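S.K.: What follows is query02.tsv, made up of TSV, C-alpha atoms and all ligand atoms:
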chain	number	residue	atom	x	y	z
A	1	MET	CA	0.00	0.00	0.00
A	2	ALA	CA	1.66	3.23	-1.11
A	3	ASP	CA	0.40	6.48	-2.51
A	4	ILE	CA	2.51	9.53	-3.28
A	5	LYS	CA	1.58	13.16	-3.35
A	6	VAL	CA	3.78	15.90	-4.71
A	7	GLU	CA	2.59	19.38	-3.77
A	8	ASN	CA	3.66	22.72	-5.28
A	9	ILE	CA	7.23	21.61	-5.91
A	10	THR	CA	9.59	24.31	-7.15
A	11	LYS	CA	13.30	23.72	-7.70
A	12	THR	CA	15.92	26.06	-9.10
A	13	PHE	CA	19.58	25.43	-9.88
A	14	LYS	CA	21.31	28.80	-9.54
A	15	LYS	CA	19.01	30.86	-11.76
A	16	ASP	CA	17.59	27.98	-13.81
A	17	VAL	CA	14.06	26.98	-12.85
A	18	ALA	CA	14.02	23.18	-13.20
A	19	LEU	CA	10.52	22.71	-11.71
A	20	LYS	CA	7.80	25.27	-11.17
A	21	ASP	CA	4.87	24.61	-8.85
A	22	VAL	CA	4.44	20.94	-9.77
A	23	SER	CA	1.61	19.01	-8.06
A	24	PHE	CA	0.13	15.56	-8.64
A	25	GLU	CA	-0.97	12.44	-6.81
A	26	VAL	CA	-0.02	8.86	-7.62
A	27	LYS	CA	-2.48	6.24	-6.45
A	28	ASP	CA	-1.63	2.97	-4.75
A	29	LYS	CA	-0.31	0.38	-7.29
A	30	GLU	CA	-0.49	2.88	-10.11
A	31	PHE	CA	2.01	2.90	-12.98
A	32	PHE	CA	2.48	6.66	-13.31
A	33	ILE	CA	4.56	8.09	-16.16
A	34	LEU	CA	6.52	11.32	-16.16
A	35	PHE	CA	6.83	12.16	-19.83
A	36	GLY	CA	8.63	15.12	-21.39
A	37	PRO	CA	11.50	16.22	-23.61
A	38	ALA	CA	15.15	16.48	-22.52
A	39	GLY	CA	15.63	19.02	-19.77
A	40	ALA	CA	11.93	19.11	-18.83
A	41	GLY	CA	12.69	18.36	-15.16
A	42	LYS	CA	11.71	14.67	-14.97
A	43	THR	CA	14.90	13.40	-13.30
A	44	THR	CA	14.94	16.33	-10.89
A	45	LEU	CA	11.42	15.41	-9.81
A	46	LEU	CA	12.38	11.75	-9.24
A	47	ASN	CA	15.37	12.86	-7.20
A	48	ILE	CA	13.12	15.04	-5.06
A	49	ILE	CA	10.72	12.15	-4.45
A	50	ALA	CA	13.68	9.91	-3.58
A	51	GLY	CA	14.98	12.55	-1.17
A	52	ILE	CA	18.26	13.07	-3.05
A	53	TYR	CA	17.41	16.73	-3.75
A	54	LEU	CA	15.49	19.06	-1.48
A	55	PRO	CA	12.96	21.30	-3.25
A	56	ASP	CA	13.06	25.08	-2.76
A	57	TYR	CA	9.34	25.01	-2.02
A	58	GLY	CA	6.69	22.33	-1.81
A	59	HIS	CA	6.21	18.98	-0.12
A	60	VAL	CA	6.31	15.25	-0.79
A	61	TYR	CA	3.90	12.89	0.97
A	62	LEU	CA	4.11	9.09	1.18
A	63	ASN	CA	0.92	7.45	2.45
A	64	LYS	CA	-0.46	10.87	3.43
A	65	LYS	CA	2.58	11.58	5.64
A	66	CYS	CA	4.93	14.42	4.80
A	67	ILE	CA	8.41	12.95	4.17
A	68	ASP	CA	10.26	16.22	3.48
A	69	HIS	CA	12.71	15.55	6.30
A	70	VAL	CA	13.05	11.77	5.89
A	71	GLU	CA	16.50	10.70	4.65
A	72	PRO	CA	16.63	8.94	1.23
A	73	GLU	CA	17.60	5.58	2.77
A	74	ASP	CA	14.62	5.74	5.13
A	75	ARG	CA	12.01	6.44	2.43
A	76	ASN	CA	11.53	2.83	1.28
A	77	VAL	CA	11.60	3.85	-2.38
A	78	ALA	CA	13.87	2.11	-4.91
A	79	MET	CA	15.44	4.02	-7.77
A	80	VAL	CA	16.11	2.09	-10.98
A	81	PHE	CA	18.39	3.75	-13.53
A	82	GLU	CA	19.27	2.83	-17.05
A	83	ASP	CA	22.77	1.86	-15.91
A	84	TYR	CA	22.39	-0.92	-13.35
A	85	ALA	CA	26.10	-1.55	-12.72
A	86	LEU	CA	25.98	-5.25	-11.84
A	87	TYR	CA	28.82	-6.82	-9.84
A	88	PRO	CA	30.82	-8.56	-12.62
A	89	HIS	CA	32.33	-11.25	-10.35
A	90	LEU	CA	28.98	-12.34	-8.87
A	91	THR	CA	26.40	-14.67	-10.44
A	92	VAL	CA	22.94	-13.43	-11.39
A	93	TYR	CA	21.63	-15.06	-8.20
A	94	ASP	CA	24.17	-13.30	-6.00
A	95	ASN	CA	23.69	-9.98	-7.77
A	96	MET	CA	19.96	-10.17	-7.12
A	97	ALA	CA	20.45	-11.37	-3.54
A	98	SER	CA	22.94	-8.61	-2.67
A	99	PRO	CA	20.41	-6.01	-1.37
A	100	LEU	CA	18.88	-8.64	0.95
A	101	ARG	CA	22.31	-9.50	2.37
A	102	SER	CA	23.22	-5.88	3.08
A	103	PRO	CA	23.24	-4.90	6.76
A	104	ARG	CA	20.26	-2.58	6.23
A	105	TYR	CA	17.82	-5.13	4.74
A	106	LYS	CA	19.42	-8.33	6.03
A	107	GLN	CA	17.10	-11.31	5.55
A	108	PRO	CA	17.38	-15.02	6.46
A	109	LYS	CA	18.77	-17.33	3.77
A	110	GLU	CA	15.40	-18.97	3.03
A	111	VAL	CA	13.70	-15.59	2.49
A	112	ILE	CA	16.50	-14.48	0.15
A	113	ASP	CA	16.23	-17.71	-1.82
A	114	ARG	CA	12.44	-17.46	-2.10
A	115	GLU	CA	12.46	-13.80	-3.15
A	116	VAL	CA	15.29	-14.10	-5.69
A	117	LYS	CA	13.56	-17.07	-7.34
A	118	ARG	CA	10.13	-15.41	-7.29
A	119	ILE	CA	11.38	-12.22	-8.95
A	120	ALA	CA	13.63	-14.14	-11.38
A	121	LYS	CA	10.57	-16.08	-12.52
A	122	ILE	CA	8.51	-12.93	-13.10
A	123	LEU	CA	11.35	-11.43	-15.14
A	124	ARG	CA	11.97	-14.75	-16.91
A	125	ILE	CA	15.63	-14.93	-15.91
A	126	ASP	CA	15.24	-17.95	-13.59
A	127	TRP	CA	17.23	-20.08	-16.03
A	128	LEU	CA	20.16	-17.66	-15.88
A	129	LEU	CA	20.71	-17.58	-12.13
A	130	GLU	CA	24.10	-19.35	-12.20
A	131	ARG	CA	25.59	-17.19	-14.95
A	132	ASN	CA	27.88	-14.20	-14.55
A	133	PRO	CA	26.88	-10.81	-16.07
A	134	SER	CA	29.48	-11.22	-18.86
A	135	GLU	CA	27.54	-14.26	-20.09
A	136	LEU	CA	24.30	-12.30	-20.57
A	137	SER	CA	22.84	-10.19	-23.37
A	138	ASN	CA	22.20	-6.49	-22.71
A	139	GLY	CA	18.49	-7.10	-22.27
A	140	GLN	CA	19.11	-9.92	-19.80
A	141	ARG	CA	21.55	-7.72	-17.86
A	142	GLN	CA	18.92	-5.02	-17.61
A	143	ARG	CA	16.42	-7.51	-16.28
A	144	VAL	CA	18.91	-8.65	-13.63
A	145	GLY	CA	19.41	-5.02	-12.64
A	146	LEU	CA	15.68	-4.55	-12.42
A	147	GLY	CA	15.41	-7.78	-10.41
A	148	ARG	CA	18.00	-6.54	-7.95
A	149	ALA	CA	15.80	-3.50	-7.25
A	150	LEU	CA	12.64	-5.60	-7.09
A	151	VAL	CA	13.79	-8.13	-4.45
A	152	ARG	CA	13.72	-5.45	-1.80
A	153	THR	CA	9.95	-4.99	-2.27
A	154	PRO	CA	10.04	-1.26	-1.71
A	155	GLU	CA	6.79	0.67	-1.42
A	156	VAL	CA	7.54	2.75	-4.51
A	157	PHE	CA	9.69	2.23	-7.60
A	158	LEU	CA	11.22	5.26	-9.23
A	159	MET	CA	12.45	4.29	-12.69
A	160	ASP	CA	14.49	6.70	-14.78
A	161	GLU	CA	14.43	5.70	-18.48
A	162	PRO	CA	15.37	2.11	-17.59
A	163	ILE	CA	15.20	0.78	-21.16
A	164	THR	CA	15.96	3.84	-23.28
A	165	HIS	CA	19.27	2.68	-24.68
A	166	LEU	CA	18.26	-0.82	-25.69
A	167	ASP	CA	17.82	-1.42	-29.41
A	168	ALA	CA	14.29	-0.95	-30.79
A	169	LYS	CA	13.37	-4.65	-30.87
A	170	LEU	CA	14.52	-5.32	-27.32
A	171	ARG	CA	12.87	-2.16	-26.06
A	172	HIS	CA	9.61	-3.34	-27.54
A	173	GLN	CA	9.97	-6.68	-25.77
A	174	MET	CA	10.96	-5.05	-22.47
A	175	ARG	CA	7.94	-2.75	-22.63
A	176	ALA	CA	5.68	-5.79	-22.70
A	177	GLU	CA	7.65	-7.38	-19.87
A	178	LEU	CA	7.49	-4.28	-17.70
A	179	LYS	CA	3.73	-4.19	-18.15
A	180	ASP	CA	3.54	-7.85	-17.21
A	181	MET	CA	5.76	-7.29	-14.22
A	182	GLN	CA	3.61	-4.39	-13.05
A	183	GLN	CA	0.56	-6.64	-13.10
A	184	ASN	CA	2.35	-9.33	-11.10
A	185	LEU	CA	3.91	-7.07	-8.48
A	186	ASP	CA	1.67	-4.76	-6.58
A	187	THR	CA	4.03	-1.83	-6.36
A	188	THR	CA	3.40	1.83	-7.06
A	189	THR	CA	5.71	2.94	-9.86
A	190	ILE	CA	6.77	6.35	-11.15
A	191	TYR	CA	8.45	5.89	-14.50
A	192	VAL	CA	10.36	8.55	-16.45
A	193	THR	CA	10.51	8.41	-20.23
A	194	HIS	CA	10.74	10.67	-23.25
A	195	ASP	CA	9.42	7.91	-25.54
A	196	TYR	CA	5.74	8.54	-26.23
A	197	LEU	CA	5.00	4.92	-27.18
A	198	GLU	CA	6.47	3.74	-23.89
A	199	ALA	CA	4.31	6.29	-22.07
A	200	LEU	CA	1.11	5.29	-23.88
A	201	SER	CA	1.66	1.55	-23.61
A	202	LEU	CA	2.84	1.37	-20.00
A	203	GLY	CA	1.12	4.14	-18.12
A	204	ASP	CA	-2.09	3.95	-16.11
A	205	ARG	CA	-1.77	7.73	-16.19
A	206	ILE	CA	0.75	10.10	-17.71
A	207	ALA	CA	1.95	13.51	-16.51
A	208	VAL	CA	3.32	15.53	-19.43
A	209	ILE	CA	6.06	17.91	-18.28
A	210	ASN	CA	7.54	20.72	-20.30
A	211	LYS	CA	10.02	23.33	-19.09
A	212	GLY	CA	9.47	22.35	-15.46
A	213	GLN	CA	5.68	22.60	-15.57
A	214	ILE	CA	2.87	20.09	-15.95
A	215	GLU	CA	1.04	20.47	-19.25
A	216	GLN	CA	-1.52	17.72	-18.64
A	217	ILE	CA	-2.20	14.67	-16.49
A	218	GLY	CA	-4.44	11.94	-17.85
A	219	THR	CA	-4.88	8.37	-18.98
A	220	PRO	CA	-3.15	7.42	-22.25
A	221	LYS	CA	-6.49	7.77	-24.08
A	222	GLU	CA	-7.18	11.22	-22.66
A	223	ILE	CA	-3.68	12.40	-23.52
A	224	TYR	CA	-3.85	11.05	-27.08
A	225	TYR	CA	-7.47	11.89	-27.98
A	226	THR	CA	-8.01	15.03	-25.91
A	227	PRO	CA	-4.58	16.66	-25.57
A	228	ALA	CA	-4.79	19.83	-23.47
A	229	ASN	CA	-2.76	21.87	-25.92
A	230	GLU	CA	-0.68	21.77	-29.08
A	231	PHE	CA	2.47	20.79	-27.18
A	232	VAL	CA	0.85	17.59	-25.87
A	233	ALA	CA	-0.80	16.85	-29.24
A	234	SER	CA	2.54	17.17	-31.04
A	235	ALA	CA	4.49	15.13	-28.49
A	236	PHE	CA	2.29	12.03	-28.91
A	237	GLY	CA	2.22	10.45	-32.35
A	238	GLU	CA	4.65	9.70	-35.14
A	239	PRO	CA	4.48	11.25	-37.72
A	240	GLU	CA	3.56	14.36	-35.78
A	241	ILE	CA	0.01	15.69	-35.85
A	242	ASN	CA	-0.77	18.32	-38.57
A	243	ILE	CA	-1.95	21.63	-37.11
A	244	PHE	CA	-3.31	24.44	-39.32
A	245	ASP	CA	-4.95	27.81	-38.98
A	246	SER	CA	-8.57	27.76	-40.02
A	247	LYS	CA	-11.69	29.90	-39.95
A	248	ILE	CA	-15.31	29.01	-39.40
A	249	ILE	CA	-17.59	30.82	-41.81
A	250	LYS	CA	-21.34	30.88	-42.27
A	251	GLU	CA	-22.72	31.13	-45.81
A	252	ASN	CA	-26.50	31.34	-46.19
A	253	GLY	CA	-26.87	29.81	-42.75
A	254	VAL	CA	-24.53	26.89	-43.56
A	255	SER	CA	-21.33	26.54	-41.49
A	256	LYS	CA	-18.13	25.77	-43.34
A	257	ILE	CA	-14.53	25.52	-42.28
A	258	THR	CA	-11.81	27.24	-44.30
A	259	ILE	CA	-8.45	25.51	-44.45
A	260	PHE	CA	-5.74	26.34	-47.03
A	261	ASP	CA	-8.20	28.78	-48.68
A	262	HIS	CA	-10.64	25.93	-49.30
A	263	ASP	CA	-14.15	26.06	-47.86
A	264	LEU	CA	-14.99	22.59	-46.59
A	265	SER	CA	-18.45	21.42	-45.63
A	266	ILE	CA	-18.70	19.79	-42.23
A	267	SER	CA	-20.72	17.05	-40.59
A	268	LYS	CA	-23.63	17.62	-38.24
A	269	LYS	CA	-21.52	16.53	-35.26
A	270	THR	CA	-18.79	19.09	-36.01
A	271	LYS	CA	-21.41	21.76	-36.62
A	272	GLN	CA	-22.92	21.11	-33.19
A	273	LEU	CA	-19.47	21.48	-31.66
A	274	ILE	CA	-18.88	24.75	-33.49
A	275	ASP	CA	-22.24	26.14	-32.33
A	276	GLN	CA	-21.82	24.88	-28.78
A	277	TYR	CA	-18.42	26.51	-28.31
A	278	LYS	CA	-19.12	29.47	-30.66
A	279	LEU	CA	-15.94	28.75	-32.60
A	280	THR	CA	-14.65	31.22	-35.21
A	281	ASP	CA	-10.87	31.49	-35.56
A	282	ILE	CA	-9.35	28.17	-34.60
A	283	ARG	CA	-6.34	25.99	-35.16
A	284	ILE	CA	-7.22	22.47	-36.12
A	285	GLY	CA	-5.09	19.38	-35.46
A	286	ILE	CA	-5.51	16.35	-37.69
A	287	ARG	CA	-3.41	13.24	-37.14
A	288	PRO	CA	-1.66	11.86	-40.25
A	289	LYS	CA	-3.75	8.68	-40.13
A	290	ASN	CA	-6.88	10.87	-40.43
A	291	VAL	CA	-5.90	12.37	-43.78
A	292	LYS	CA	-6.88	10.33	-46.83
A	293	TYR	CA	-5.58	10.65	-50.39
A	294	SER	CA	-7.17	9.94	-53.77
A	295	PHE	CA	-6.09	10.27	-57.40
A	296	VAL	CA	-9.50	11.58	-58.47
A	297	LYS	CA	-11.64	14.38	-57.08
A	298	LYS	CA	-14.28	12.46	-55.16
A	299	ASP	CA	-16.23	15.45	-53.84
A	300	GLU	CA	-16.05	19.15	-53.02
A	301	ASN	CA	-14.02	18.49	-49.85
A	302	CYS	CA	-11.05	17.14	-51.86
A	303	ILE	CA	-8.05	19.47	-51.85
A	304	LEU	CA	-5.44	19.29	-54.57
A	305	GLY	CA	-1.76	19.16	-53.61
A	306	VAL	CA	1.55	17.88	-54.93
A	307	VAL	CA	3.70	15.09	-53.50
A	308	TYR	CA	6.60	16.72	-51.66
A	309	SER	CA	8.26	13.64	-50.11
A	310	PHE	CA	7.62	9.95	-49.58
A	311	GLU	CA	9.41	8.04	-46.79
A	312	PRO	CA	8.74	4.28	-46.57
A	313	LEU	CA	8.89	2.83	-43.04
A	314	GLY	CA	8.26	-0.87	-43.58
A	315	ALA	CA	4.61	-1.54	-44.42
A	316	LYS	CA	3.66	2.11	-43.82
A	317	ALA	CA	5.07	5.30	-45.29
A	318	ILE	CA	4.96	9.00	-44.50
A	319	LEU	CA	3.64	10.98	-47.44
A	320	THR	CA	4.18	14.74	-47.24
A	321	MET	CA	1.98	16.83	-49.53
A	322	LYS	CA	2.45	20.50	-50.38
A	323	ILE	CA	-0.69	22.62	-50.65
A	324	GLY	CA	0.13	26.24	-51.46
A	325	ASN	CA	2.77	27.10	-48.90
A	326	GLU	CA	1.61	24.53	-46.35
A	327	PHE	CA	2.75	20.97	-45.78
A	328	ILE	CA	0.63	18.08	-44.57
A	329	ARG	CA	1.74	14.63	-43.45
A	330	LEU	CA	-0.24	11.46	-44.20
A	331	LEU	CA	0.32	7.91	-43.02
A	332	VAL	CA	-0.19	5.64	-46.02
A	333	SER	CA	0.60	2.14	-47.18
A	334	SER	CA	4.16	2.01	-48.57
A	335	ASP	CA	3.07	0.33	-51.83
A	336	ILE	CA	0.75	3.07	-53.15
A	337	GLY	CA	2.99	3.83	-56.15
A	338	ILE	CA	3.36	7.57	-56.07
A	339	GLU	CA	5.90	9.96	-57.61
A	340	LEU	CA	7.41	13.20	-56.39
A	341	ASN	CA	5.57	16.30	-57.70
A	342	GLN	CA	2.58	14.16	-58.68
A	343	GLU	CA	-0.79	15.88	-58.18
A	344	VAL	CA	-2.92	14.08	-55.59
A	345	PHE	CA	-6.12	15.01	-53.74
A	346	ILE	CA	-6.38	14.86	-49.98
A	347	GLN	CA	-9.38	14.72	-47.68
A	348	LEU	CA	-9.22	15.86	-44.07
A	349	ASP	CA	-11.21	13.94	-41.48
A	350	ILE	CA	-12.37	17.03	-39.62
A	351	GLU	CA	-14.72	15.03	-37.48
A	352	ASN	CA	-11.70	13.50	-35.77
A	353	GLY	CA	-9.87	16.84	-35.64
A	354	ILE	CA	-8.72	18.48	-32.43
A	355	PHE	CA	-9.68	22.15	-32.07
A	356	PHE	CA	-7.22	24.60	-30.50
A	357	ASP	CA	-7.57	28.31	-29.82
A	358	ARG	CA	-5.03	30.86	-31.07
A	359	ASN	CA	-2.90	30.22	-27.95
A	360	GLY	CA	-2.68	26.52	-28.77
A	361	GLU	CA	-5.02	25.37	-26.01
A	362	ASN	CA	-7.60	22.68	-26.69
A	363	ILE	CA	-10.88	24.58	-26.76
A	364	ILE	CA	-13.00	21.76	-25.42
A	365	VAL	CA	-10.58	20.66	-22.68
A	366	LYS	CA	-10.22	24.27	-21.57
A	367	GLN	CA	-13.98	24.81	-21.39
A	368	ARG	CA	-14.44	21.60	-19.45
A	369	ASP	CA	-11.63	22.55	-17.08
A	370	HIS	CA	-13.28	25.89	-16.48
A	371	ALA	CA	-16.54	24.13	-15.77
A	372	GLY	CA	-14.62	22.19	-13.12
A	373	ARG	CA	-15.69	18.83	-14.45
A	374	GLU	CA	-13.62	15.69	-14.65
A	375	LEU	CA	-12.11	15.12	-18.08
A	376	VAL	CA	-13.37	11.97	-19.72
A	377	TRP	CA	-12.47	10.45	-23.01
A	378	GLU	CA	-15.27	10.49	-25.54
A	379	ASN	CA	-14.85	8.85	-28.90
A	401	LIG	N1	22.53	19.23	-10.51
A	401	LIG	C1	22.14	20.18	-11.37
A	401	LIG	N2	22.78	21.38	-11.41
A	401	LIG	C2	22.39	22.35	-12.26
A	401	LIG	N3	21.36	22.23	-13.12
A	401	LIG	C3	20.70	21.06	-13.15
A	401	LIG	C4	21.05	19.97	-12.28
A	401	LIG	N4	20.21	18.94	-12.51
A	401	LIG	C5	19.36	19.36	-13.49
A	401	LIG	N5	19.65	20.63	-13.86
A	401	LIG	C6	18.91	21.42	-14.86
A	401	LIG	O1	17.53	21.35	-14.55
A	401	LIG	C7	16.76	21.17	-15.74
A	401	LIG	C8	15.95	19.87	-15.66
A	401	LIG	O2	16.85	18.79	-15.74
A	401	LIG	P1	16.40	17.24	-15.61
A	401	LIG	O3	17.62	16.40	-15.65
A	401	LIG	O4	15.52	17.10	-14.43
A	401	LIG	O5	15.56	17.08	-16.93
A	401	LIG	P2	15.00	15.72	-17.60
A	401	LIG	O6	13.62	16.00	-17.99
A	401	LIG	O7	15.26	14.56	-16.69
A	401	LIG	O8	15.90	15.64	-18.90
A	401	LIG	P3	16.58	14.33	-19.62
A	401	LIG	O9	15.46	13.63	-20.30
A	401	LIG	O10	17.55	14.97	-20.56
A	401	LIG	O11	17.25	13.54	-18.55
A	401	LIG	C9	17.73	21.23	-16.89
A	401	LIG	O12	17.77	22.54	-17.38
A	401	LIG	C10	19.06	20.85	-16.26
A	401	LIG	O13	20.13	21.42	-16.96
If you took the structure in this file and wrote it as structure tokens, what would it be?
M.R.:
Amino acid sequence: MADIKVENITKTFKKDVALKDVSFEVKDKEFFILFGPAGAGKTTLLNIIAGIYLPDYGHVYLNKKCIDHVEPEDRNVAMVFEDYALYPHLTVYDNMASPLRSPRYKQPKEVIDREVKRIAKILRIDWLLERNPSELSNGQRQRVGLGRALVRTPEVFLMDEPITHLDAKLRHQMRAELKDMQQNLDTTTIYVTHDYLEALSLGDRIAVINKGQIEQIGTPKEIYYTPANEFVASAFGEPEINIFDSKIIKENGVSKITIFDHDLSISKKTKQLIDQYKLTDIRIGIRPKNVKYSFVKKDENCILGVVYSFEPLGAKAILTMKIGNEFIRLLVSSDIGIELNQEVFIQLDIENGIFFDRNGENIIVKQRDHAGRELVWEN
């Protein structure tokens, strides 16, 4: 049983503000992700929770008790870094057993044996227990490092990009294993990453941090489908979401949306949204998978552009079209047979668009926030 609360944390290094008034709560057994670009303040926040750094202002609570003045070694949190530094002369078993043999956590032999084997099984390294680290692959070594942190059964895991430097295939596999592990161990975890796929696939909830401040906290679905602002929308998704200026116009009582100087008719659902929020000048975000192409003009909503670039990525490809002076990215099948500078029509799926105001804030999320209601995913 462990919940964490971080309240109004501010931390500066000389004149650099690393964290500014950061607050959130992590529930018992939750897998909570701190996501953000390099230098956002993620590691600083973990270090504050671990007690390694003191904040300038703010408080940290563990199980509703303020732990501001509790020493790091007395906090019962385990930090897991990317670099696990295993003892090279010890076997996997002895590496994993080492925390339970230390004077601080000393356990009887039977308990050590039971715990090492239990964790090794969860991490699927039980068949490697007699090997030395030099006889393991990188991925196996990382699992041993993880296992060494897990045997202690701390109340909270703090993981700082533990799999970032593995190759793509192994990272993919480790993501699945971490998720599995989380379901088998009942420990609260705060996990730092700058990989959006890792955040979406592992997190129960994600806190998006940028320049020391929280941009949004939500479930993966909320973050992806109802990003609070353009920063969050752009950070999740590859290729990046397309965002354009647009205007809502009314012609003879019929609402239309103008994008790239084209007046596009809209569905009833979008019209309701426009009326409800009285939208006029907006920025609209459309994910690359929600832009379709065609070689013929199917209807009035088709916009003509020319092929600017085509990048195959296995079965899928990123097609970039130029329309006037604007560029738009599409996610297409890599075998569509298309040539540079070819004229192609595109169709924007406005119904699945995300509407931002001129300051880049999601109009709907902002209105809901102001109404003080809980954000829920609707799709
Ligand atoms: N010990 C320190 N002394 C001075 N400045 C620091 C220190 N630690 C962090 N900073 C600064 O605080 C800011 C936040 O750094 P932090 O390492 O927390 O970011 P991060 O989100 O973990 O980034 P990354 O993903 O690159 O690790 C950065 O501007 C960094 O340069």
S.K.: Please produce, as CSV, a per-residue contact table for chain A versus ligand LIG 401 (chain A) (criterion: any atom at most 9 Å away, all atoms listed in the file considered), showing the nearest atom pair and its distance in Å to one decimal, sorted by chain then residue number.
M.R.:
residue,atom,partner,partner_atom,distance
A:Lys11,CA,A:LIG401,O1,8.4
A:Thr12,CA,A:LIG401,O1,7.4
A:Phe13,CA,A:LIG401,C2,4.8
A:Lys14,CA,A:LIG401,C2,7.1
A:Asp16,CA,A:LIG401,O12,6.5
A:Val17,CA,A:LIG401,O1,6.8
A:Ala18,CA,A:LIG401,O1,4.2
A:Leu19,CA,A:LIG401,C8,7.3
A:Leu34,CA,A:LIG401,O6,8.7
A:Phe35,CA,A:LIG401,O6,8.0
A:Gly36,CA,A:LIG401,O6,6.1
A:Pro37,CA,A:LIG401,O9,5.8
A:Ala38,CA,A:LIG401,O10,3.4
A:Gly39,CA,A:LIG401,O5,3.4
A:Ala40,CA,A:LIG401,O6,3.6
A:Gly41,CA,A:LIG401,O4,3.2
A:Lys42,CA,A:LIG401,O6,3.8
A:Thr43,CA,A:LIG401,O7,3.6
A:Thr44,CA,A:LIG401,O4,3.7
A:Leu45,CA,A:LIG401,O4,6.4
A:Leu46,CA,A:LIG401,O4,8.1
A:Asn47,CA,A:LIG401,O4,8.4
A:Tyr53,CA,A:LIG401,N1,8.8
A:Asp160,CA,A:LIG401,O7,8.1
A:Glu161,CA,A:LIG401,O9,8.2
A:Val192,CA,A:LIG401,O7,7.8
A:Thr193,CA,A:LIG401,O9,7.2
A:His194,CA,A:LIG401,O9,6.3
A:Ile209,CA,A:LIG401,O6,7.8
A:Asn210,CA,A:LIG401,O6,8.0
A:Lys211,CA,A:LIG401,C8,7.7
A:Gly212,CA,A:LIG401,C8,6.9
S.K.: Which residues are close to Glu361 of chain A, i.e. within 9 Å by all atoms listed in the file, leaving aside same-chain residues fewer than 5 positions away? Reply as a PyMOL selection string.
M.R.: chain A and resi 227-231+355-356+366
S.K.: List as a PyMOL selection string the protein and nucleic acid residues near Ser265 of chain A, meaning an atom at most 10 Å away when only C-alpha atoms are counted, but skip any in the same chain fewer than 3 places from it.
M.R.: chain A and resi 254-258+262+268+270-271+300-301+350
S.K.: Atom CA of Pro162 of chain A to atom CA of Arg143 of chain A: how many Å, to one decimal?
M.R.: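 About the pair atom CA of Pro162 of chain A and atom CA of Arg143 of chain A: they are 9.8 Å apart.
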S.K.: Distance atom CA of Glu30 of chain A-atom CA of Thr219 of chain A, one decimal place?
M.R.: 11.3 Å
S.K.: Rounded to one decimal, what separation in Å do you get between atom CA of Lys316 of chain A and atom CA of Leu331 of chain A?
M.R.: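 These two atoms are separated by 6.7 Å.
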S.K.: Check the smallest atom-to-atom distance from each of A:Leu129, A:Ile286, A:Ala233, A:Val332 to Leu90 of chain A using only C-alpha atoms, then report the winner.
M.R.: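 Using only C-alpha atoms, Leu90 of chain A sits closest to A:Leu129.
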S.K.: Using all atoms listed in the file, which protein or nucleic acid residues come within 9 Å of Arg358 of chain A? Drop anything in the same chain fewer than 4 positions from it, and give the result as a ChimeraX atom specification.
M.R.: /A:245,281-283
S.K.: To test the calculation: enclose all listed atoms of segment 209-224 of chain A in a box whose edges run along x, y and z, add 8 Å on each side, then state centre and edge lengths in Å to one decimal, as AutoDock Vina command-line options.
M.R.:
--center_x 1.4 --center_y 15.4 --center_z -21.3 --size_x 33.2 --size_y 31.9 --size_z 27.6
S.K.: List the neighbours of Pro55 of chain A out to 7 Å using all atoms listed in the file; skip same-chain residues closer than 6 positions along the sequence, and give me the result as a PyMOL selection string.
M.R.: chain A and resi 9-11+48
S.K.: Tell me, as a compact mmCIF listing (two decimals) with C-alpha atoms, in the coordinates of the input, which residues lie within 12 Å of segment 182-187 of chain A, counting only C-alpha atoms; anything in the same chain fewer than 4 positions away does not count.
M.R.:
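The resulting file, result22.txt, is shown below:
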# COMPACT_ATOMS: atom_id res chain seq x y z
CA MET A 1 0.00 0.00 0.00
CA ALA A 2 1.66 3.23 -1.11
CA ASP A 3 0.40 6.48 -2.51
CA ILE A 4 2.51 9.53 -3.28
CA VAL A 26 -0.02 8.86 -7.62
CA LYS A 27 -2.48 6.24 -6.45
CA ASP A 28 -1.63 2.97 -4.75
CA LYS A 29 -0.31 0.38 -7.29
CA GLU A 30 -0.49 2.88 -10.11
CA PHE A 31 2.01 2.90 -12.98
CA PHE A 32 2.48 6.66 -13.31
CA ASN A 76 11.53 2.83 1.28
CA VAL A 77 11.60 3.85 -2.38
CA ALA A 78 13.87 2.11 -4.91
CA ARG A 118 10.13 -15.41 -7.29
CA ILE A 119 11.38 -12.22 -8.95
CA LYS A 121 10.57 -16.08 -12.52
CA ILE A 122 8.51 -12.93 -13.10
CA LEU A 123 11.35 -11.43 -15.14
CA GLY A 147 15.41 -7.78 -10.41
CA ALA A 149 15.80 -3.50 -7.25
CA LEU A 150 12.64 -5.60 -7.09
CA VAL A 151 13.79 -8.13 -4.45
CA ARG A 152 13.72 -5.45 -1.80
CA THR A 153 9.95 -4.99 -2.27
CA PRO A 154 10.04 -1.26 -1.71
CA GLU A 155 6.79 0.67 -1.42
CA VAL A 156 7.54 2.75 -4.51
CA PHE A 157 9.69 2.23 -7.60
CA LEU A 158 11.22 5.26 -9.23
CA MET A 174 10.96 -5.05 -22.47
CA ARG A 175 7.94 -2.75 -22.63
CA ALA A 176 5.68 -5.79 -22.70
CA GLU A 177 7.65 -7.38 -19.87
CA LEU A 178 7.49 -4.28 -17.70
CA TYR A 191 8.45 5.89 -14.50
CA LEU A 202 2.84 1.37 -20.00
CA GLY A 203 1.12 4.14 -18.12
CA ASP A 204 -2.09 3.95 -16.11
